[in-house]
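Peer 1: What follows is run-v3.cif, mmCIF, C-alpha atoms.
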data_upload
loop_
_atom_site.label_atom_id
_atom_site.label_comp_id
_atom_site.auth_asym_id
_atom_site.auth_seq_id
_atom_site.Cartn_x
_atom_site.Cartn_y
_atom_site.Cartn_z
CA MET A 1 17.00 0.58 14.74
CA PRO A 2 16.56 -2.58 12.63
CA ARG A 3 14.17 -2.10 9.76
CA SER A 4 12.43 -5.34 10.74
CA LYS A 5 10.95 -3.87 13.94
CA THR A 6 7.17 -4.10 14.22
CA TYR A 7 4.55 -2.70 16.59
CA GLY A 8 3.71 -6.16 17.91
CA THR A 9 4.03 -9.80 16.86
CA PRO A 10 5.61 -9.96 13.38
CA LEU A 11 4.30 -12.08 10.54
CA PRO A 12 5.53 -15.70 10.49
CA GLY A 13 8.72 -16.03 8.50
CA MET A 14 9.50 -12.33 8.56
CA PRO A 15 13.21 -11.78 7.83
CA ARG A 16 15.34 -11.05 10.88
CA GLU A 17 18.00 -9.12 9.03
CA THR A 18 17.90 -5.39 8.57
CA LEU A 19 15.73 -4.16 5.71
CA HIS A 20 17.80 -1.51 3.96
CA GLY A 21 15.05 0.43 2.21
CA LYS A 22 12.98 3.30 3.61
CA LEU A 23 9.29 3.07 4.50
CA ILE A 24 7.54 6.43 4.20
CA VAL A 25 3.83 6.74 4.99
CA LEU A 26 1.45 9.46 3.78
CA GLU A 27 -1.70 9.59 5.89
CA GLY A 28 -4.79 11.76 5.69
CA ALA A 29 -8.46 11.75 4.76
CA ASP A 30 -9.81 11.33 1.24
CA GLY A 31 -9.24 14.64 -0.51
CA SER A 32 -6.23 15.63 1.58
CA GLY A 33 -3.88 15.23 -1.40
CA ARG A 34 -2.11 12.02 -0.38
CA THR A 35 -2.13 10.41 -3.82
CA THR A 36 -0.86 13.56 -5.50
CA GLU A 37 1.92 13.87 -2.93
CA VAL A 38 2.94 10.23 -3.35
CA GLU A 39 3.26 10.82 -7.09
CA LEU A 40 5.35 13.96 -6.56
CA LEU A 41 7.61 12.28 -4.01
CA LYS A 42 8.10 9.27 -6.23
CA GLU A 43 9.10 11.42 -9.19
CA TRP A 44 11.52 13.46 -7.08
CA LEU A 45 13.15 10.46 -5.40
CA GLU A 46 13.57 8.57 -8.66
CA VAL A 47 15.25 11.60 -10.26
CA GLU A 48 17.62 11.59 -7.28
CA GLY A 49 18.49 7.96 -8.00
CA HIS A 50 16.38 6.15 -5.39
CA PRO A 51 14.31 3.15 -6.51
CA VAL A 52 10.71 3.64 -5.35
CA VAL A 53 7.72 1.33 -4.92
CA ASP A 54 4.31 2.75 -4.07
CA THR A 55 1.49 0.97 -2.30
CA GLY A 56 -1.78 1.72 -0.53
CA LEU A 57 -4.92 0.25 0.96
CA ARG A 58 -6.87 -2.44 -0.84
CA ARG A 59 -4.24 -3.19 -3.43
CA SER A 60 -3.43 -6.83 -2.70
CA SER A 61 -4.12 -9.48 -5.33
CA LEU A 62 -5.59 -11.62 -2.55
CA LEU A 63 -8.53 -9.51 -1.34
CA SER A 64 -8.75 -6.12 -3.03
CA GLN A 65 -11.53 -7.06 -5.44
CA GLU A 66 -13.38 -9.04 -2.77
CA ILE A 67 -13.40 -6.04 -0.42
CA GLU A 68 -14.68 -3.79 -3.20
CA GLU A 69 -17.53 -6.19 -3.95
CA ALA A 70 -18.38 -6.69 -0.27
CA LYS A 71 -18.59 -2.93 0.35
CA LYS A 72 -21.14 -2.46 -2.42
CA GLY A 73 -23.86 -4.03 -0.30
CA ASN A 74 -23.33 -1.50 2.54
CA THR A 75 -23.96 -4.33 5.02
CA LEU A 76 -20.49 -5.21 6.35
CA SER A 77 -20.08 -5.18 10.11
CA ALA A 78 -17.29 -3.07 11.58
CA THR A 79 -15.38 -6.16 12.74
CA THR A 80 -15.64 -7.91 9.37
CA LEU A 81 -14.47 -4.76 7.60
CA ALA A 82 -11.45 -4.42 9.89
CA LEU A 83 -10.50 -8.08 9.47
CA LEU A 84 -10.76 -7.90 5.68
CA TYR A 85 -8.53 -4.84 5.53
CA SER A 86 -6.08 -6.46 7.95
CA ALA A 87 -5.75 -9.50 5.70
CA ASP A 88 -5.34 -7.27 2.64
CA PHE A 89 -2.60 -5.27 4.37
CA ALA A 90 -0.83 -8.42 5.61
CA ASP A 91 -0.70 -9.78 2.06
CA GLN A 92 0.83 -6.55 0.76
CA LEU A 93 3.30 -6.39 3.64
CA GLU A 94 4.53 -9.94 3.05
CA ASN A 95 4.60 -9.94 -0.74
CA LYS A 96 5.34 -6.33 -1.68
CA ILE A 97 6.52 -4.07 1.14
CA ILE A 98 9.05 -6.37 2.85
CA PRO A 99 10.63 -7.67 -0.40
CA SER A 100 10.94 -4.09 -1.69
CA LEU A 101 12.60 -2.90 1.52
CA ALA A 102 14.90 -5.94 1.53
CA ALA A 103 16.01 -4.98 -1.99
CA GLY A 104 16.84 -1.47 -0.80
CA SER A 105 13.90 0.33 -2.39
CA THR A 106 11.97 3.18 -0.83
CA VAL A 107 8.32 2.26 -0.23
CA LEU A 108 5.78 5.10 -0.35
CA ALA A 109 2.54 4.06 1.35
CA ASP A 110 -0.61 5.96 0.41
CA ARG A 111 -2.23 5.33 3.83
CA TYR A 112 -1.14 2.66 6.28
CA ILE A 113 -2.50 0.89 9.35
CA TYR A 114 -3.31 4.20 11.07
CA THR A 115 -6.30 4.84 8.82
CA LEU A 116 -7.44 1.26 9.34
CA MET A 117 -7.16 1.55 13.11
CA ALA A 118 -8.91 4.94 13.17
CA ARG A 119 -11.80 3.57 11.12
CA ALA A 120 -12.14 0.56 13.42
CA ILE A 121 -11.97 2.65 16.59
CA VAL A 122 -14.62 5.17 15.55
CA ARG A 123 -16.82 2.16 14.75
CA GLY A 124 -16.55 0.89 18.30
CA ALA A 125 -13.33 -1.13 18.51
CA SER A 126 -11.06 -0.55 21.46
CA ARG A 127 -7.62 0.93 20.79
CA ALA A 128 -6.05 -2.15 22.37
CA TRP A 129 -7.91 -4.46 19.96
CA ALA A 130 -7.02 -2.36 16.92
CA GLU A 131 -3.36 -2.10 17.91
CA LYS A 132 -3.14 -5.85 18.42
CA LEU A 133 -4.89 -6.60 15.12
CA TYR A 134 -2.40 -4.49 13.16
CA GLY A 135 0.59 -5.11 15.43
CA PHE A 136 2.43 -7.08 12.72
CA ALA A 137 2.98 -3.86 10.75
CA LEU A 138 6.50 -2.54 10.27
CA ILE A 139 7.28 0.72 12.03
CA PRO A 140 7.79 3.33 9.27
CA ASP A 141 10.87 5.50 9.00
CA LEU A 142 8.59 8.51 8.59
CA THR A 143 4.85 9.15 8.79
CA ILE A 144 3.41 12.38 7.40
CA PHE A 145 -0.18 13.36 8.11
CA LEU A 146 -1.73 15.67 5.52
CA ASP A 147 -4.24 17.69 7.50
CA ALA A 148 -7.07 19.35 5.55
CA LYS A 149 -10.23 21.06 6.79
CA THR A 150 -13.47 19.15 6.41
CA ASP A 151 -14.94 21.85 4.13
CA ILE A 152 -12.04 21.37 1.74
CA LEU A 153 -12.37 17.57 1.88
CA LEU A 154 -16.06 17.91 1.05
CA HIS A 155 -15.51 20.23 -1.89
CA ARG A 156 -12.73 18.06 -3.32
CA ALA A 157 -14.86 14.91 -3.01
CA ILE A 158 -17.78 16.51 -4.81
CA ALA A 159 -15.49 17.91 -7.51
CA LYS A 160 -13.84 14.52 -8.09
CA TYR A 161 -16.71 12.06 -7.69
CA GLY A 162 -19.83 14.21 -7.97
CA SER A 163 -21.18 12.74 -4.73
CA LEU A 164 -20.13 11.49 -1.28
CA ASP A 165 -19.10 7.87 -0.75
CA TYR A 166 -21.27 5.84 1.66
CA TRP A 167 -18.33 4.56 3.71
CA GLU A 168 -16.24 7.74 3.64
CA SER A 169 -19.31 9.56 4.95
CA GLY A 170 -19.70 7.09 7.83
CA MET A 171 -23.30 6.32 6.87
CA ASP A 172 -23.00 2.86 8.42
CA LEU A 173 -22.59 4.56 11.82
CA CYS A 174 -26.05 6.15 11.63
CA LEU A 175 -24.64 9.52 12.64
CA SER A 176 -27.27 11.28 10.53
CA ARG A 177 -29.69 10.45 7.75
CA ASP A 178 -28.26 13.36 5.82
CA ARG A 179 -25.09 12.26 4.04
CA PHE A 180 -23.48 15.70 4.20
CA GLU A 181 -24.01 16.00 7.94
CA SER A 182 -22.83 12.42 8.44
CA PHE A 183 -19.69 13.21 6.45
CA TYR A 184 -18.86 16.14 8.74
CA ARG A 185 -19.46 14.13 11.91
CA TYR A 186 -17.53 11.10 10.67
CA GLN A 187 -14.54 13.14 9.53
CA SER A 188 -14.55 14.91 12.90
CA LEU A 189 -14.35 11.55 14.69
CA LEU A 190 -11.48 10.41 12.47
CA ARG A 191 -9.67 13.69 12.93
CA GLU A 192 -9.91 13.32 16.71
CA GLU A 193 -8.46 9.81 16.53
CA PHE A 194 -5.64 10.94 14.25
CA GLY A 195 -4.89 13.67 16.79
CA PHE A 196 -4.36 10.98 19.41
CA MET A 197 -2.18 8.96 17.01
CA GLU A 198 -0.07 11.98 16.13
CA THR A 199 1.53 11.90 19.57
CA ARG A 200 1.49 8.14 20.04
CA TYR A 201 3.12 7.31 16.70
CA GLY A 202 5.12 10.45 16.02
CA PHE A 203 3.28 11.82 12.99
CA HIS A 204 4.58 14.91 11.23
CA ARG A 205 1.57 17.10 10.48
CA VAL A 206 1.54 19.09 7.24
CA ASP A 207 -1.06 21.74 6.39
CA ALA A 208 -2.85 20.27 3.34
CA ASN A 209 -5.18 23.23 2.86
CA ARG A 210 -2.56 24.84 0.61
CA PRO A 211 -1.77 24.27 -3.09
CA PRO A 212 0.05 20.98 -3.91
CA ALA A 213 3.35 22.75 -4.63
CA ALA A 214 3.49 24.22 -1.11
CA VAL A 215 2.55 20.90 0.47
CA HIS A 216 5.22 19.12 -1.58
CA ARG A 217 7.96 21.54 -0.55
CA GLU A 218 7.28 20.95 3.13
CA THR A 219 6.89 17.19 2.68
CA ARG A 220 10.13 16.96 0.73
CA ASP A 221 11.94 18.82 3.52
CA LEU A 222 10.75 16.13 5.94
CA VAL A 223 11.78 13.26 3.68
CA ALA A 224 15.23 14.51 2.61
CA PRO A 225 17.03 13.91 5.96
CA LEU A 226 16.29 10.17 5.77
CA PHE A 227 18.59 9.90 2.79
CA ARG A 228 21.25 12.26 4.07
CA ARG A 229 21.57 10.06 7.16
CA SER A 230 22.08 7.04 4.94
CA GLY A 231 24.93 8.80 3.16
CA ARG A 232 23.16 9.30 -0.15
CA ARG A 233 22.54 12.70 -1.70
CA THR A 234 18.97 13.99 -2.07
#
Output the structure of this file as structure tokens.

Peer 2:
Amino acid sequence: MPRSKTYGTPLPGMPRETLHGKLIVLEGADGSGRTTEVELLKEWLEVEGHPVVDTGLRRSSLLSQEIEEAKKGNTLSATTLALLYSADFADQLENKIIPSLAAGSTVLADRYIYTLMARAIVRGASRAWAEKLYGFALIPDLTIFLDAKTDILLHRAIAKYGSLDYWESGMDLCLSRDRFESFYRYQSLLREEFGFMETRYGFHRVDANRPPAAVHRETRDLVAPLFRRSGRRT
């Protein structure tokens, strides 16, 4: 399958030739261990001789700071939020992900369009609208979903930040006036949507309730065959 295949209409000027790198996506809620796993995978792959580029949401030079500032007011509409993140992702895809893949690098994505679609859908967008909005995204070689229980997500968030984030708790959805209860309800809605996506997009689910070393072993076992098929040792 050509590496340039997308879910829908590709970005203008997208290269038609095969992109020789690998695109590996780590999905999961905040606190599921995605960032830690990306770091571990990057270290392992680089030791094995594979050039690696990591990316994630809200990291474009075009809109990342603007999105951060806009979210501080807690007044963004669901549609505006989705469009801002779509533009941010498109900028990264065009200027970072595609060039890296064209150069033969492995791109590790700490979240991808699936989180963005899930967030939009639980805020009232139709699946058809969300899929069309993010249809320009490249189809990854592998998507791993780190699945952690909500209790663990809650405890990790409190331990790391000392409080719960307004947006990650879904407070804009008015699910509850209590932020803890809203967090549980919001994460439940996201989890349900990810369950739908698991079948639709072929996620590989990994139990993220375990220590990082156990999660990494299983994740590495999923990643390794991509490089064996390409004829390179890992």

Peer 1: Quote the spacing between atom CA of A:Leu108 and atom CA of A:Gly195 in Å to one decimal place.

Peer 2: 21.9 Å

Peer 1: For A:Met117, list every protein, DNA or RNA residue within 6 Å, evaluated using all atoms listed in the file, and leave out those in the same chain fewer than 3 positions away; present the list as a ChimeraX atom specification.

Peer 2: /A:114,120,130

Peer 1: I would like the residues chosen by the PyMOL selection byres ((chain A and resi 21) around 6) on the shown file; could you give them as a PDB file with C-alpha atoms, in the coordinates of the input?

Peer 2:
ATOM      1  CA  LEU A  19      15.730  -4.160   5.710  1.00  0.00           C
ATOM      2  CA  HIS A  20      17.800  -1.510   3.960  1.00  0.00           C
ATOM      3  CA  LYS A  22      12.980   3.300   3.610  1.00  0.00           C
ATOM      4  CA  LEU A 101      12.600  -2.900   1.520  1.00  0.00           C
ATOM      5  CA  GLY A 104      16.840  -1.470  -0.800  1.00  0.00           C
ATOM      6  CA  SER A 105      13.900   0.330  -2.390  1.00  0.00           C
ATOM      7  CA  THR A 106      11.970   3.180  -0.830  1.00  0.00           C
TER       8      THR A 106
END

Peer 1: Just how far from atom CA of A:Val25 is atom CA of A:Ser60, in Å to one decimal?

Peer 2: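 One can read the atom CA of A:Ser60 to atom CA of A:Val25 distance as 17.2 Å.
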
Peer 1: Determine the nearest neighbour of A:Pro99 from the options A:Ile24, A:Thr18, A:Ala224, A:Phe180, counting all atoms listed in the file.

Peer 2: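 Looking only at the distances to A:Pro99, the closest residue turns out to be A:Thr18.
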
Peer 1: Given all atoms listed in the file as the basis, pick out the residue of A:Val206, A:Ala137, A:Leu41, A:Ala118 nearest to A:Asp54.

Peer 2: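 With all atoms listed in the file as the atom set, the closest residue is A:Leu41.
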
Peer 1: Please determine, counting all atoms listed in the file, which residue among A:Ala213, A:Val47, A:Ile152, A:Leu142 has the shortest atom-to-atom distance to A:Glu27.

Peer 2: A:Leu142

Peer 1: Taking only C-alpha atoms into account, name the residue in A:Glu48, A:Asp147, A:Asp207, A:Glu94 that is nearest to A:Pro15.

Peer 2: A:Glu94

Peer 1: Do you have, as a Markdown table, the list of residues of stretch 111-170 of chain A lying at most 9 Å from stretch 71-90 of chain A, each with its nearest atom pair and that distance in Å to one decimal, counting only C-alpha atoms and ordered by chain then number?

Peer 2:
| residue | atom | partner | partner_atom | distance |
| --- | --- | --- | --- | --- |
| A:Tyr112 | CA | A:Phe89 | CA | 8.3 |
| A:Ile113 | CA | A:Phe89 | CA | 7.9 |
| A:Leu116 | CA | A:Ala82 | CA | 7.0 |
| A:Met117 | CA | A:Ala82 | CA | 8.0 |
| A:Arg119 | CA | A:Ala82 | CA | 8.1 |
| A:Ala120 | CA | A:Ala82 | CA | 6.1 |
| A:Arg123 | CA | A:Ala78 | CA | 6.1 |
| A:Gly124 | CA | A:Ala78 | CA | 7.8 |
| A:Ala125 | CA | A:Thr79 | CA | 7.9 |
| A:Ala130 | CA | A:Ala82 | CA | 8.6 |
| A:Leu133 | CA | A:Ser86 | CA | 7.3 |
| A:Tyr134 | CA | A:Ser86 | CA | 6.7 |
| A:Phe136 | CA | A:Ala90 | CA | 7.9 |
| A:Ala137 | CA | A:Ala90 | CA | 7.9 |
| A:Tyr166 | CA | A:Asn74 | CA | 7.7 |
| A:Trp167 | CA | A:Asn74 | CA | 7.9 |

Peer 1: Which residue is closest to A:Arg185? Choose from A:Ile144, A:Val122, A:Leu226, A:Ala157 and count only C-alpha atoms.

Peer 2: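 Between A:Ile144, A:Val122, A:Leu226, A:Ala157, the residue approaching A:Arg185 most closely is A:Val122.
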
Peer 1: By how many Å are atom CA of A:Met171 and atom CA of A:Ala159 apart?

Peer 2: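 Interatomic distance, atom CA of A:Met171 to atom CA of A:Ala159: 20.1 Å.
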